[in-house]
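Peer 1: Contents of structure-v8.cif (mmCIF, C-alpha atoms and all ligand atoms) are given next:
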```cif
data_entry
loop_
_atom_site.label_atom_id
_atom_site.label_comp_id
_atom_site.auth_asym_id
_atom_site.auth_seq_id
_atom_site.Cartn_x
_atom_site.Cartn_y
_atom_site.Cartn_z
CA MET A 1 0.00 0.00 0.00
CA LYS A 2 2.84 2.29 0.99
CA TYR A 3 4.42 1.72 -2.45
CA ILE A 4 1.10 2.26 -4.22
CA ALA A 5 0.57 5.59 -2.38
CA THR A 6 4.09 6.73 -3.24
CA ILE A 7 3.59 5.81 -6.93
CA LEU A 8 0.24 7.71 -6.98
CA THR A 9 1.83 10.80 -5.39
CA VAL A 10 4.64 10.78 -7.99
CA LEU A 11 2.14 10.34 -10.85
CA LEU A 12 0.00 13.22 -9.54
CA PHE A 13 3.04 15.49 -9.25
CA LEU A 14 4.14 14.64 -12.79
CA PHE A 15 0.61 15.37 -14.09
CA PHE A 16 0.45 18.87 -12.53
CA ALA A 17 3.98 19.68 -13.54
CA SER A 18 3.24 18.95 -17.20
CA SER A 19 -0.07 20.92 -17.12
CA CYS A 20 1.68 24.15 -16.12
CA GLY A 21 3.83 24.00 -19.25
CA ARG A 22 0.86 24.12 -21.70
CA SER A 23 0.08 27.08 -23.91
CA SER A 24 -2.00 29.96 -22.60
CA SER A 25 -4.68 29.13 -25.03
CA ASP A 26 -5.62 26.35 -22.64
CA LYS A 27 -6.55 29.12 -20.18
CA GLN A 28 -4.67 27.39 -17.41
CA THR A 29 -3.00 29.76 -15.03
CA CYS A 30 -1.54 27.49 -12.51
CA GLY A 31 -2.32 30.01 -9.82
CA GLU A 32 -0.76 32.95 -11.72
CA GLY A 33 -2.71 36.17 -12.52
CA PRO A 34 -4.02 36.87 -16.04
CA ARG A 35 -1.20 39.32 -16.72
CA VAL A 36 1.45 36.70 -16.01
CA ALA A 37 -0.38 34.24 -18.20
CA GLU A 38 -0.53 36.79 -20.96
CA GLU A 39 3.18 37.55 -20.60
CA LYS A 40 3.84 33.90 -20.77
CA ALA A 41 1.79 33.64 -23.89
CA ARG A 42 3.92 36.36 -25.47
CA GLY A 43 7.04 34.60 -24.33
CA GLU A 44 7.93 37.92 -22.64
CA LYS A 45 9.71 38.93 -25.84
CA GLY A 46 8.62 42.50 -26.14
CA PRO A 47 6.96 45.31 -24.24
CA ARG A 48 3.43 44.99 -23.11
CA PRO A 49 1.26 45.64 -26.14
CA SER A 50 -0.57 48.91 -26.26
CA GLY A 51 -4.30 49.07 -26.03
CA ASP A 52 -4.29 49.65 -29.74
CA GLU A 53 -2.51 46.40 -30.37
CA LEU A 54 -4.83 44.60 -28.05
CA GLY A 55 -7.84 46.03 -29.71
CA PHE A 56 -10.14 46.56 -26.77
CA GLU A 57 -8.80 49.99 -25.75
CA ARG A 58 -9.21 51.24 -29.30
CA THR A 59 -12.86 50.30 -29.10
CA ALA A 60 -13.10 52.19 -25.82
CA VAL A 61 -11.38 55.24 -27.35
CA LYS A 62 -13.59 55.01 -30.36
CA SER A 63 -16.74 55.12 -28.32
CA SER A 64 -15.47 58.07 -26.29
CA GLU A 65 -14.44 59.80 -29.54
CA GLN A 66 -17.88 59.13 -30.85
CA LYS A 67 -19.37 60.60 -27.69
CA ASN A 68 -17.21 63.71 -28.07
CA PHE A 69 -17.98 63.92 -31.75
CA GLY A 70 -21.67 63.60 -31.00
CA ALA A 71 -21.41 66.44 -28.47
CA GLU A 72 -19.41 68.57 -30.91
CA LYS A 73 -21.94 67.91 -33.62
CA LYS A 74 -24.79 68.90 -31.30
CA ASN A 75 -22.94 72.09 -30.35
CA ALA A 76 -22.29 72.91 -34.00
CA VAL A 77 -25.94 72.37 -34.89
CA LYS A 78 -26.99 74.58 -31.96
CA ALA A 79 -24.51 77.30 -32.98
CA GLY A 80 -25.84 77.09 -36.54
CA GLU A 81 -29.41 77.40 -35.32
CA ASP A 82 -28.53 80.36 -33.09
CA GLU A 83 -26.76 82.06 -36.01
CA LEU A 84 -29.77 81.44 -38.23
CA LYS A 85 -32.15 82.85 -35.59
CA ARG A 86 -29.93 85.88 -35.13
CA LYS A 87 -29.72 86.38 -38.87
CA SER A 88 -33.40 85.83 -39.58
CA ALA A 89 -34.17 88.40 -36.88
CA ALA A 90 -31.89 90.77 -38.78
CA VAL A 91 -33.25 89.98 -42.27
CA GLY A 92 -34.70 93.10 -43.83
CA LYS A 93 -33.32 95.43 -41.12
CA PHE A 94 -31.22 98.28 -42.47
CA ASP A 95 -27.75 98.64 -40.98
CA LEU A 96 -27.17 102.37 -41.29
CA GLU A 97 -23.53 102.03 -40.20
CA LYS A 98 -22.67 99.52 -42.91
CA LYS A 99 -25.33 100.95 -45.27
CA THR A 100 -26.48 97.43 -46.07
CA VAL A 101 -29.42 95.14 -45.48
CA LEU A 102 -29.29 91.40 -44.85
CA LEU A 103 -31.33 89.53 -47.44
CA ASN A 104 -33.21 86.29 -46.79
CA SER A 105 -30.65 84.63 -49.08
CA GLY A 106 -27.96 85.33 -46.47
CA TYR A 107 -26.19 87.97 -48.56
CA GLU A 108 -25.81 91.62 -47.63
CA MET A 109 -27.00 94.21 -50.12
CA PRO A 110 -26.13 97.92 -50.14
CA ILE A 111 -29.26 99.99 -49.47
CA VAL A 112 -28.26 102.78 -51.87
CA GLY A 113 -27.13 102.20 -55.43
CA LEU A 114 -27.22 103.49 -58.97
CA GLY A 115 -30.01 102.94 -61.50
CA THR A 116 -28.84 102.68 -65.09
CA TYR A 117 -32.11 102.80 -67.03
CA SER A 118 -31.72 104.91 -70.19
CA LEU A 119 -27.93 105.17 -69.79
CA SER A 120 -26.41 103.95 -72.99
CA ASP A 121 -22.98 102.41 -73.32
CA LYS A 122 -20.51 105.24 -72.58
CA ALA A 123 -22.83 107.15 -70.24
CA CYS A 124 -23.41 103.93 -68.32
CA PHE A 125 -19.69 103.09 -68.14
CA ASP A 126 -18.93 106.60 -66.85
CA ALA A 127 -21.78 106.60 -64.34
CA VAL A 128 -20.80 103.22 -62.87
CA THR A 129 -17.18 104.36 -62.74
CA ALA A 130 -18.24 107.53 -60.89
CA LEU A 131 -20.37 105.51 -58.48
CA LEU A 132 -17.58 103.08 -57.61
CA LYS A 133 -15.14 105.98 -57.20
CA ALA A 134 -17.56 107.71 -54.84
CA GLY A 135 -17.91 104.56 -52.69
CA GLY A 136 -21.22 103.29 -54.08
CA ARG A 137 -21.35 99.53 -54.48
CA LEU A 138 -24.75 98.61 -55.97
CA ILE A 139 -25.67 98.85 -59.63
CA ASP A 140 -29.08 98.08 -61.10
CA THR A 141 -29.15 97.07 -64.76
CA ALA A 142 -31.37 94.88 -66.94
CA TYR A 143 -31.37 93.03 -70.25
CA MET A 144 -33.94 95.59 -71.38
CA TYR A 145 -31.59 98.56 -70.70
CA GLY A 146 -29.04 97.16 -73.15
CA ASN A 147 -26.14 98.17 -70.91
CA GLU A 148 -25.13 95.03 -68.99
CA ALA A 149 -21.86 94.86 -70.93
CA ALA A 150 -21.02 98.49 -70.04
CA VAL A 151 -21.74 97.79 -66.36
CA GLY A 152 -19.42 94.77 -66.47
CA ARG A 153 -16.68 96.70 -68.23
CA ALA A 154 -16.78 99.51 -65.68
CA ILE A 155 -16.61 97.00 -62.81
CA ARG A 156 -13.66 95.19 -64.34
CA ALA A 157 -11.90 98.47 -65.08
CA SER A 158 -12.28 99.62 -61.48
CA LYS A 159 -9.88 98.62 -58.72
CA VAL A 160 -12.79 97.64 -56.48
CA PRO A 161 -12.77 93.94 -55.52
CA ARG A 162 -15.62 92.05 -57.16
CA GLU A 163 -16.86 90.76 -53.77
CA GLU A 164 -17.57 94.34 -52.64
CA ILE A 165 -19.87 95.06 -55.57
CA PHE A 166 -23.53 94.07 -55.84
CA VAL A 167 -25.04 93.82 -59.32
CA ILE A 168 -28.73 93.41 -60.05
CA THR A 169 -29.95 92.48 -63.49
CA LYS A 170 -33.31 91.32 -64.86
CA LEU A 171 -34.80 88.89 -67.34
CA TYR A 172 -37.44 90.36 -69.61
CA PRO A 173 -40.76 88.67 -70.55
CA GLY A 174 -41.01 87.05 -73.98
CA LYS A 175 -38.07 85.12 -75.37
CA GLN A 176 -36.09 85.43 -72.13
CA TYR A 177 -38.90 83.85 -70.05
CA ARG A 178 -39.39 81.13 -72.67
CA GLU A 179 -35.67 80.31 -72.75
CA PRO A 180 -34.47 81.37 -69.32
CA ARG A 181 -31.37 79.20 -69.11
CA ARG A 182 -30.04 80.74 -72.28
CA ALA A 183 -31.02 84.23 -71.01
CA ILE A 184 -29.14 83.69 -67.75
CA GLU A 185 -26.02 82.58 -69.65
CA GLU A 186 -26.38 85.65 -71.85
CA ALA A 187 -26.48 87.97 -68.83
CA LEU A 188 -23.47 86.21 -67.29
CA ALA A 189 -21.54 86.56 -70.54
CA LYS A 190 -22.43 90.22 -71.07
CA LEU A 191 -21.60 91.24 -67.52
CA ASN A 192 -18.54 88.98 -67.43
CA ILE A 193 -17.99 89.43 -63.70
CA GLY A 194 -18.24 85.79 -62.62
CA TYR A 195 -21.52 85.47 -60.75
CA ILE A 196 -24.56 87.76 -60.61
CA ASP A 197 -25.53 89.00 -57.16
CA MET A 198 -29.24 89.33 -57.83
CA MET A 199 -31.45 88.46 -60.76
CA LEU A 200 -35.05 89.69 -61.02
CA LEU A 201 -37.94 88.95 -63.32
CA HIS A 202 -38.64 92.36 -64.83
CA HIS A 203 -42.41 92.09 -64.59
CA PRO A 204 -45.12 89.40 -64.54
CA GLY A 205 -45.65 87.67 -67.87
CA GLU A 206 -46.19 84.36 -69.59
CA HIS A 207 -43.77 81.64 -68.37
CA ASP A 208 -42.64 83.72 -65.39
CA VAL A 209 -42.79 80.74 -63.00
CA TYR A 210 -40.78 78.68 -65.50
CA ALA A 211 -38.19 81.45 -65.77
CA TYR A 212 -37.99 81.80 -61.99
CA LYS A 213 -37.42 78.06 -61.60
CA ALA A 214 -34.52 78.28 -64.05
CA MET A 215 -33.09 81.07 -61.88
CA GLU A 216 -33.48 78.77 -58.85
CA GLU A 217 -31.39 76.16 -60.68
CA ALA A 218 -28.77 78.80 -61.47
CA VAL A 219 -28.58 79.64 -57.76
CA LYS A 220 -27.77 75.98 -57.03
CA GLU A 221 -25.07 76.14 -59.71
CA GLY A 222 -23.52 79.24 -58.11
CA LYS A 223 -24.22 81.44 -61.12
CA LEU A 224 -26.73 83.65 -59.31
CA ARG A 225 -26.68 84.47 -55.61
CA SER A 226 -30.10 85.95 -54.80
CA LEU A 227 -33.40 86.15 -56.64
CA GLY A 228 -36.16 88.70 -56.79
CA LEU A 229 -39.10 90.15 -58.66
CA SER A 230 -39.92 93.50 -60.10
CA ASN A 231 -43.38 94.98 -60.45
CA TRP A 232 -45.06 92.31 -58.36
CA TYR A 233 -47.74 93.64 -56.03
CA SER A 234 -49.85 91.96 -53.32
CA GLU A 235 -52.14 89.91 -55.57
CA GLU A 236 -49.37 88.88 -57.94
CA LEU A 237 -47.20 87.80 -55.02
CA GLN A 238 -49.98 85.79 -53.40
CA ASP A 239 -50.40 83.91 -56.64
CA PHE A 240 -46.68 83.50 -57.38
CA LEU A 241 -45.09 82.60 -54.04
CA PRO A 242 -46.74 79.17 -53.56
CA ARG A 243 -45.48 78.10 -57.00
CA ILE A 244 -41.75 78.60 -56.37
CA SER A 245 -39.14 77.21 -53.94
CA ILE A 246 -36.79 80.12 -53.18
CA THR A 247 -38.62 83.06 -51.62
CA PRO A 248 -37.57 86.23 -53.45
CA ALA A 249 -35.05 88.28 -51.51
CA LEU A 250 -36.10 91.54 -53.17
CA VAL A 251 -39.08 93.17 -54.83
CA GLN A 252 -38.30 96.25 -56.92
CA ASN A 253 -41.34 98.51 -57.48
CA GLU A 254 -42.15 102.09 -58.43
CA ILE A 255 -42.10 104.20 -55.27
CA HIS A 256 -41.84 107.98 -54.82
CA PRO A 257 -43.63 110.60 -52.74
CA TYR A 258 -46.47 110.80 -55.30
CA TYR A 259 -46.83 107.01 -55.46
CA GLN A 260 -46.09 105.50 -52.07
CA GLU A 261 -47.50 101.95 -52.07
CA LYS A 262 -48.62 102.34 -48.45
CA THR A 263 -50.26 98.90 -48.20
CA VAL A 264 -48.04 96.93 -50.57
CA VAL A 265 -44.80 97.97 -48.82
CA PRO A 266 -45.66 96.45 -45.39
CA PHE A 267 -47.28 93.44 -47.09
CA ILE A 268 -43.95 92.63 -48.76
CA GLN A 269 -41.71 93.59 -45.85
CA GLU A 270 -43.67 91.36 -43.44
CA LYS A 271 -42.59 88.41 -45.58
CA GLY A 272 -38.91 89.17 -44.96
CA ILE A 273 -38.57 90.44 -48.53
CA VAL A 274 -36.66 93.69 -49.03
CA ILE A 275 -38.23 96.42 -51.16
CA GLN A 276 -36.25 98.61 -53.51
CA GLY A 277 -37.91 101.65 -55.03
CA TRP A 278 -37.49 102.60 -58.67
CA TYR A 279 -38.23 106.11 -59.99
CA PRO A 280 -37.37 107.65 -56.59
CA PHE A 281 -37.58 111.11 -58.17
CA GLY A 282 -40.64 110.21 -60.21
CA GLY A 283 -38.67 109.15 -63.28
CA ARG A 284 -37.45 111.27 -66.18
CA GLY A 285 -40.08 113.77 -67.25
CA TYR A 286 -41.46 114.03 -63.70
CA THR A 287 -38.37 114.87 -61.65
CA ARG A 288 -38.74 118.64 -61.98
CA GLU A 289 -42.11 118.68 -60.23
CA LEU A 290 -41.07 116.34 -57.45
CA LEU A 291 -37.66 117.89 -56.80
CA ASN A 292 -39.36 121.30 -56.57
CA ASP A 293 -42.21 120.18 -54.35
CA LYS A 294 -42.70 122.88 -51.67
CA THR A 295 -42.94 120.42 -48.78
CA VAL A 296 -39.83 118.56 -49.88
CA LEU A 297 -37.89 121.79 -50.43
CA ALA A 298 -38.83 123.15 -46.98
CA ILE A 299 -37.58 119.95 -45.31
CA ALA A 300 -34.41 120.03 -47.43
CA LYS A 301 -33.77 123.63 -46.38
CA ALA A 302 -34.22 122.75 -42.70
CA HIS A 303 -31.49 120.08 -42.97
CA GLY A 304 -29.19 121.90 -45.38
CA VAL A 305 -29.47 119.09 -47.95
CA SER A 306 -31.02 118.77 -51.42
CA ALA A 307 -34.58 117.76 -52.27
CA ALA A 308 -33.16 114.60 -53.86
CA GLN A 309 -31.44 113.67 -50.60
CA VAL A 310 -34.65 114.25 -48.59
CA ILE A 311 -36.59 111.90 -50.85
CA LEU A 312 -33.95 109.19 -50.71
CA ARG A 313 -33.67 109.50 -46.93
CA TRP A 314 -37.46 109.26 -46.62
CA ASP A 315 -37.29 105.99 -48.55
CA LEU A 316 -34.54 104.61 -46.31
CA GLN A 317 -36.48 105.53 -43.17
CA ARG A 318 -39.43 103.52 -44.57
CA GLY A 319 -37.07 100.57 -45.00
CA ILE A 320 -36.98 100.98 -48.78
CA ALA A 321 -33.65 100.59 -50.60
CA VAL A 322 -33.01 103.08 -53.41
CA ILE A 323 -31.46 103.10 -56.90
CA PRO A 324 -31.62 106.69 -58.18
CA GLY A 325 -30.61 107.00 -61.80
CA SER A 326 -28.00 109.58 -62.76
CA SER A 327 -25.24 110.23 -65.24
CA ASP A 328 -23.95 113.25 -63.34
CA PRO A 329 -21.01 112.49 -61.00
CA LYS A 330 -22.06 115.34 -58.68
CA HIS A 331 -25.58 113.92 -58.36
CA ILE A 332 -24.18 110.41 -57.95
CA ARG A 333 -22.06 111.56 -54.98
CA GLU A 334 -24.96 113.52 -53.52
CA ASN A 335 -27.30 110.54 -53.77
CA LEU A 336 -24.90 108.42 -51.71
CA ASP A 337 -24.61 111.05 -48.99
CA LEU A 338 -27.72 110.24 -46.98
CA PHE A 339 -26.40 109.31 -43.57
CA GLY A 340 -25.50 112.64 -42.00
CA PHE A 341 -29.08 113.69 -41.24
CA ALA A 342 -32.42 112.13 -40.27
CA LEU A 343 -36.03 113.11 -40.88
CA SER A 344 -38.27 113.59 -37.87
CA VAL A 345 -41.57 111.75 -37.46
CA GLU A 346 -43.39 114.96 -38.44
CA GLU A 347 -41.29 115.35 -41.58
CA MET A 348 -41.92 111.72 -42.51
CA GLU A 349 -45.66 112.35 -42.04
CA LYS A 350 -45.58 115.50 -44.17
CA ILE A 351 -44.06 113.53 -47.04
CA ALA A 352 -46.53 110.68 -46.45
CA ASP A 353 -49.31 113.26 -47.03
CA LEU A 354 -47.97 113.98 -50.54
CA ASP A 355 -49.19 110.60 -51.81
CA ARG A 356 -51.44 110.95 -54.88
CA ASN A 357 -51.39 107.30 -55.94
CA GLU A 358 -49.93 108.71 -59.15
CA LYS A 359 -48.06 105.97 -60.99
CA HIS A 360 -45.61 107.20 -63.63
CA ASP A 361 -45.14 103.96 -65.54
CA TRP A 362 -47.44 101.16 -66.57
CA TYR A 363 -45.74 98.16 -64.94
N1 LIG B 401 -37.78 97.47 -62.38
C1 LIG B 401 -38.34 98.34 -63.16
O1 LIG B 401 -39.36 98.07 -63.80
C2 LIG B 401 -37.74 99.69 -63.28
C3 LIG B 401 -38.40 100.67 -63.99
C4 LIG B 401 -37.81 101.92 -64.09
C5 LIG B 401 -36.60 102.16 -63.48
N2 LIG B 401 -35.96 101.18 -62.81
C6 LIG B 401 -34.66 101.40 -62.15
O2 LIG B 401 -34.79 102.49 -61.28
C7 LIG B 401 -33.77 103.43 -61.56
C8 LIG B 401 -34.22 104.82 -61.21
O3 LIG B 401 -35.16 105.31 -62.12
P1 LIG B 401 -34.82 106.43 -63.20
O4 LIG B 401 -33.37 106.54 -63.30
O5 LIG B 401 -35.52 106.13 -64.40
O6 LIG B 401 -35.51 107.70 -62.57
P2 LIG B 401 -35.20 108.59 -61.27
O7 LIG B 401 -34.10 108.00 -60.49
O8 LIG B 401 -36.48 108.83 -60.59
O9 LIG B 401 -34.75 109.93 -61.90
C9 LIG B 401 -33.60 110.05 -62.67
C10 LIG B 401 -33.44 111.52 -63.02
O10 LIG B 401 -33.16 112.24 -61.84
C11 LIG B 401 -32.04 113.07 -62.06
N3 LIG B 401 -31.26 113.12 -60.81
C12 LIG B 401 -30.61 112.10 -60.21
N4 LIG B 401 -30.04 112.51 -59.08
C13 LIG B 401 -30.31 113.82 -58.96
C14 LIG B 401 -29.97 114.79 -58.01
N5 LIG B 401 -29.26 114.48 -56.92
N6 LIG B 401 -30.43 116.05 -58.20
C15 LIG B 401 -31.17 116.35 -59.28
N7 LIG B 401 -31.52 115.49 -60.22
C16 LIG B 401 -31.09 114.21 -60.06
C17 LIG B 401 -31.26 112.43 -63.17
O11 LIG B 401 -30.55 113.39 -63.89
P3 LIG B 401 -28.93 113.43 -63.94
O12 LIG B 401 -28.53 112.30 -64.84
O13 LIG B 401 -28.64 114.77 -64.48
O14 LIG B 401 -28.44 113.25 -62.57
C18 LIG B 401 -32.36 111.80 -64.01
O15 LIG B 401 -32.83 112.67 -64.98
C19 LIG B 401 -33.52 103.22 -63.05
O16 LIG B 401 -32.33 103.81 -63.47
C20 LIG B 401 -33.55 101.74 -63.14
O17 LIG B 401 -32.33 101.19 -62.71
C21 LIG B 401 -36.53 99.95 -62.69
#
```
Can you present the structure in this file as structure tokens?
Ligand SMILES: NC(=O)c1ccc[n+]([C@@H]2O[C@H](COP(=O)([O-])OP(=O)(O)OC[C@H]3O[C@@H](n4cnc5c(N)ncnc54)[C@H](OP(=O)(O)O)[C@@H]3O)[C@@H](O)[C@H]2O)c1
Peer 2:
Amino acid sequence: MKYIATILTVLLFLFFASSCGRSSSDKQTCGEGPRVAEEKARGEKGPRPSGDELGFERTAVKSSEQKNFGAEKKNAVKAGEDELKRKSAAVGKFDLEKKTVLLNSGYEMPIVGLGTYSLSDKACFDAVTALLKAGGRLIDTAYMYGNEAAVGRAIRASKVPREEIFVITKLYPGKQYREPRRAIEEALAKLNIGYIDMMLLHHPGEHDVYAYKAMEEAVKEGKLRSLGLSNWYSEELQDFLPRISITPALVQNEIHPYYQEKTVVPFIQEKGIVIQGWYPFGGRGYTRELLNDKTVLAIAKAHGVSAAQVILRWDLQRGIAVIPGSSDPKHIRENLDLFGFALSVEEMEKIADLDRNEKHDWY
């Protein structure tokens, strides 16, 4: 028995001794901790592997990265929303320091510019040159004025960076509304200033929705930046707006002290659409009467400014951007100089009383 017990003890010892020499894949530890087993498995040849090499830490890092990324993303979205809220609160509000207004398209537009209707090639080139020299930065042209090329030439000839200048042009009903993509390319080619800041439909007409949709496509392609309408009033807008995707940033309509659009103006402004008034002095053939109006002259005298400046300032104080037309460098400078005086409530009311609902053009 004694021998049998001794033999059994020796066999048991040999069995355990051989077990401890097996590979770690057998998950035997022989009383050692997991780390020792792992070191054994590596044969203790190199440094302890990094978490990356082991894999599990990378997963842990990944999930914490994801958490951080998620938080960053949320913060970015919130910042974007806050910016949007701040901007949409500012849309349509005139910044009299910067002399600009923020459009619903996100772009800033100067609130005073130069109209180029009836200015033919050289006169237009000279007028735009005078405007840019005097610090003006907005030019209103149109296919119908036949002077887009002159506007572009004057811009390119100036030393003013393109980004500082804001150009408005317009498509005209008829062929241009029927073939709007071609018309947009034509305007881009004539102006030859890269992109167009704002394109308007000149007035309602057949295929106007079709033409506007082509302008929407051109916005996506980066050819146009903002869109608008000209000679659209309350009823026309109510009909048009549900049929398009990009809300117009601007509506350009006839507005002067004898034709004030007292209901249409707030109707448009409440939609976050900026209004720009054409024929601020009544248009050629009517300017003499308006610029010599007794009420306007008395207010001008009180402020030591011209009748033209009073009218333009009255527009600005109504939240209406202006594009007086002129080929005279002195007038062009004068028409930009509107920020050194302000009309009182009484003066605004006196001009409001001049309204005769007297439209000077048919659009
Ligand atoms: N969307 C549309 O359907 C539409 C229609 C019409 C016009 N518009 C746009 O609106 C712009 C303005 O209209 P408009 O040019 O026809 O008419 P306007 O601006 O009412 O009047 C222009 C006339 O006023 C004179 N003038 C300008 N500044 C003056 C000043 N400080 N003192 C005295 N006289 C001054 C000009 O003469 P001088 O050259 O001697 O300065 C010119 O004869 C147009 O040029 C065009 O861009 C748009």
Peer 1: Could you report the residues within 6 Å of ligand LIG 401 (chain B), using all atoms listed in the file, as a CSV table (one decimal) with C-alpha atoms, keeping the file's coordinate frame?
Peer 2:
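For reference, out-v3.csv as written:
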```
chain,number,residue,atom,x,y,z
A,115,GLY,CA,-30.0,102.9,-61.5
A,116,THR,CA,-28.8,102.7,-65.1
A,117,TYR,CA,-32.1,102.8,-67.0
A,140,ASP,CA,-29.1,98.1,-61.1
A,141,THR,CA,-29.2,97.1,-64.8
A,202,HIS,CA,-38.6,92.4,-64.8
A,230,SER,CA,-39.9,93.5,-60.1
A,252,GLN,CA,-38.3,96.2,-56.9
A,278,TRP,CA,-37.5,102.6,-58.7
A,279,TYR,CA,-38.2,106.1,-60.0
A,280,PRO,CA,-37.4,107.6,-56.6
A,281,PHE,CA,-37.6,111.1,-58.2
A,282,GLY,CA,-40.6,110.2,-60.2
A,283,GLY,CA,-38.7,109.2,-63.3
A,284,ARG,CA,-37.4,111.3,-66.2
A,287,THR,CA,-38.4,114.9,-61.6
A,308,ALA,CA,-33.2,114.6,-53.9
A,323,ILE,CA,-31.5,103.1,-56.9
A,324,PRO,CA,-31.6,106.7,-58.2
A,325,GLY,CA,-30.6,107.0,-61.8
A,326,SER,CA,-28.0,109.6,-62.8
A,327,SER,CA,-25.2,110.2,-65.2
A,328,ASP,CA,-24.0,113.2,-63.3
A,331,HIS,CA,-25.6,113.9,-58.4
A,334,GLU,CA,-25.0,113.5,-53.5
A,335,ASN,CA,-27.3,110.5,-53.8
```
Peer 1: Excluding region 158-168 of chain A and its own-chain neighbours fewer than 3 positions away, which residues fall within 9 Å of it when counting only C-alpha atoms? Please give them as a list in words.
Peer 2: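 Those residues are Glu108, Met109, Pro110, Gly113, Thr129, Leu132, Lys133, Gly136, Arg137, Leu138, Ile139, Asp140, Thr141, Ala142, Val151, Arg153, Ala154, Ile155, Ile193, Gly194, Ile196, Asp197, Met198, Met199 and Leu200 of chain A.
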Peer 1: Residues near Ile275 (chain A), anyone? I mean within 6 Å using only C-alpha atoms, not counting same-chain ones fewer than 3 positions away, as a list in words.
Peer 2: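 In the requested format, the answer is Leu250, Val251, Gln252 and Ile320 of chain A.
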Peer 1: Just checking: using all atoms listed in the file, which residue out of A:Glu235, A:Glu254, A:Asp126, A:Glu261 ends up closest to Tyr363 (chain A)?
Peer 2: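 Answer, going by the shortest atom-to-atom distance: A:Glu254.
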Peer 1: Which value, in Å to one decimal, gives the distance between CA of Arg333 (chain A) and CA of Leu316 (chain A)?
Peer 2: 16.7 Å
Peer 1: With distances taken over only C-alpha atoms, which of A:Lys190, A:Lys271, A:Arg225, A:Arg178 is nearest to Glu206 (chain A)?
Peer 2: A:Arg178
Peer 1: Have a look at A:Pro180, A:Gly222, A:Gly70, A:Pro329 and name the one nearest to Ala130 (chain A); count only C-alpha atoms.
Peer 2: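 So, comparing all the options, the nearest one is A:Pro329.
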Peer 1: What does the structure give for the distance between CA of Gly277 (chain A) and CA of His360 (chain A), in Å to one decimal?
Peer 2: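 Going from CA of Gly277 (chain A) over to CA of His360 (chain A), I get 12.8 Å.
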Peer 1: Kindly complete region 233-246 of chain A to N, CA and C atoms; the output should be written as an mmCIF file, keeping the file's coordinate frame.
Peer 2:
```cif
data_model
loop_
_atom_site.group_PDB
_atom_site.id
_atom_site.type_symbol
_atom_site.label_atom_id
_atom_site.label_comp_id
_atom_site.auth_asym_id
_atom_site.auth_seq_id
_atom_site.Cartn_x
_atom_site.Cartn_y
_atom_site.Cartn_z
ATOM 1 N N TYR A 233 -47.003 92.991 -57.128
ATOM 2 C CA TYR A 233 -47.740 93.640 -56.030
ATOM 3 C C TYR A 233 -48.430 92.548 -55.209
ATOM 4 N N SER A 234 -49.324 92.938 -54.283
ATOM 5 C CA SER A 234 -49.850 91.960 -53.320
ATOM 6 C C SER A 234 -50.496 90.757 -54.013
ATOM 7 N N GLU A 235 -51.419 91.021 -54.936
ATOM 8 C CA GLU A 235 -52.140 89.910 -55.570
ATOM 9 C C GLU A 235 -51.204 89.014 -56.367
ATOM 10 N N GLU A 236 -50.310 89.641 -57.113
ATOM 11 C CA GLU A 236 -49.370 88.880 -57.940
ATOM 12 C C GLU A 236 -48.477 88.004 -57.066
ATOM 13 N N LEU A 237 -48.073 88.572 -55.914
ATOM 14 C CA LEU A 237 -47.200 87.800 -55.020
ATOM 15 C C LEU A 237 -47.946 86.623 -54.415
ATOM 16 N N GLN A 238 -49.203 86.873 -54.004
ATOM 17 C CA GLN A 238 -49.980 85.790 -53.400
ATOM 18 C C GLN A 238 -50.134 84.620 -54.378
ATOM 19 N N ASP A 239 -50.256 84.946 -55.626
ATOM 20 C CA ASP A 239 -50.400 83.910 -56.640
ATOM 21 C C ASP A 239 -49.058 83.223 -56.925
ATOM 22 N N PHE A 240 -47.987 84.000 -56.914
ATOM 23 C CA PHE A 240 -46.680 83.500 -57.380
ATOM 24 C C PHE A 240 -45.933 82.695 -56.308
ATOM 25 N N LEU A 241 -45.942 83.198 -55.075
ATOM 26 C CA LEU A 241 -45.090 82.600 -54.040
ATOM 27 C C LEU A 241 -45.318 81.103 -53.817
ATOM 28 N N PRO A 242 -46.569 80.618 -53.794
ATOM 29 C CA PRO A 242 -46.740 79.170 -53.560
ATOM 30 C C PRO A 242 -46.216 78.302 -54.693
ATOM 31 N N ARG A 243 -45.878 78.907 -55.827
ATOM 32 C CA ARG A 243 -45.480 78.100 -57.000
ATOM 33 C C ARG A 243 -43.965 77.999 -57.172
ATOM 34 N N ILE A 244 -43.214 78.602 -56.241
ATOM 35 C CA ILE A 244 -41.750 78.600 -56.370
ATOM 36 C C ILE A 244 -41.114 78.078 -55.080
ATOM 37 N N SER A 245 -39.814 77.774 -55.131
ATOM 38 C CA SER A 245 -39.140 77.210 -53.940
ATOM 39 C C SER A 245 -38.344 78.257 -53.165
ATOM 40 N N ILE A 246 -37.623 79.118 -53.873
ATOM 41 C CA ILE A 246 -36.790 80.120 -53.180
ATOM 42 C C ILE A 246 -37.577 81.421 -53.054
#
```
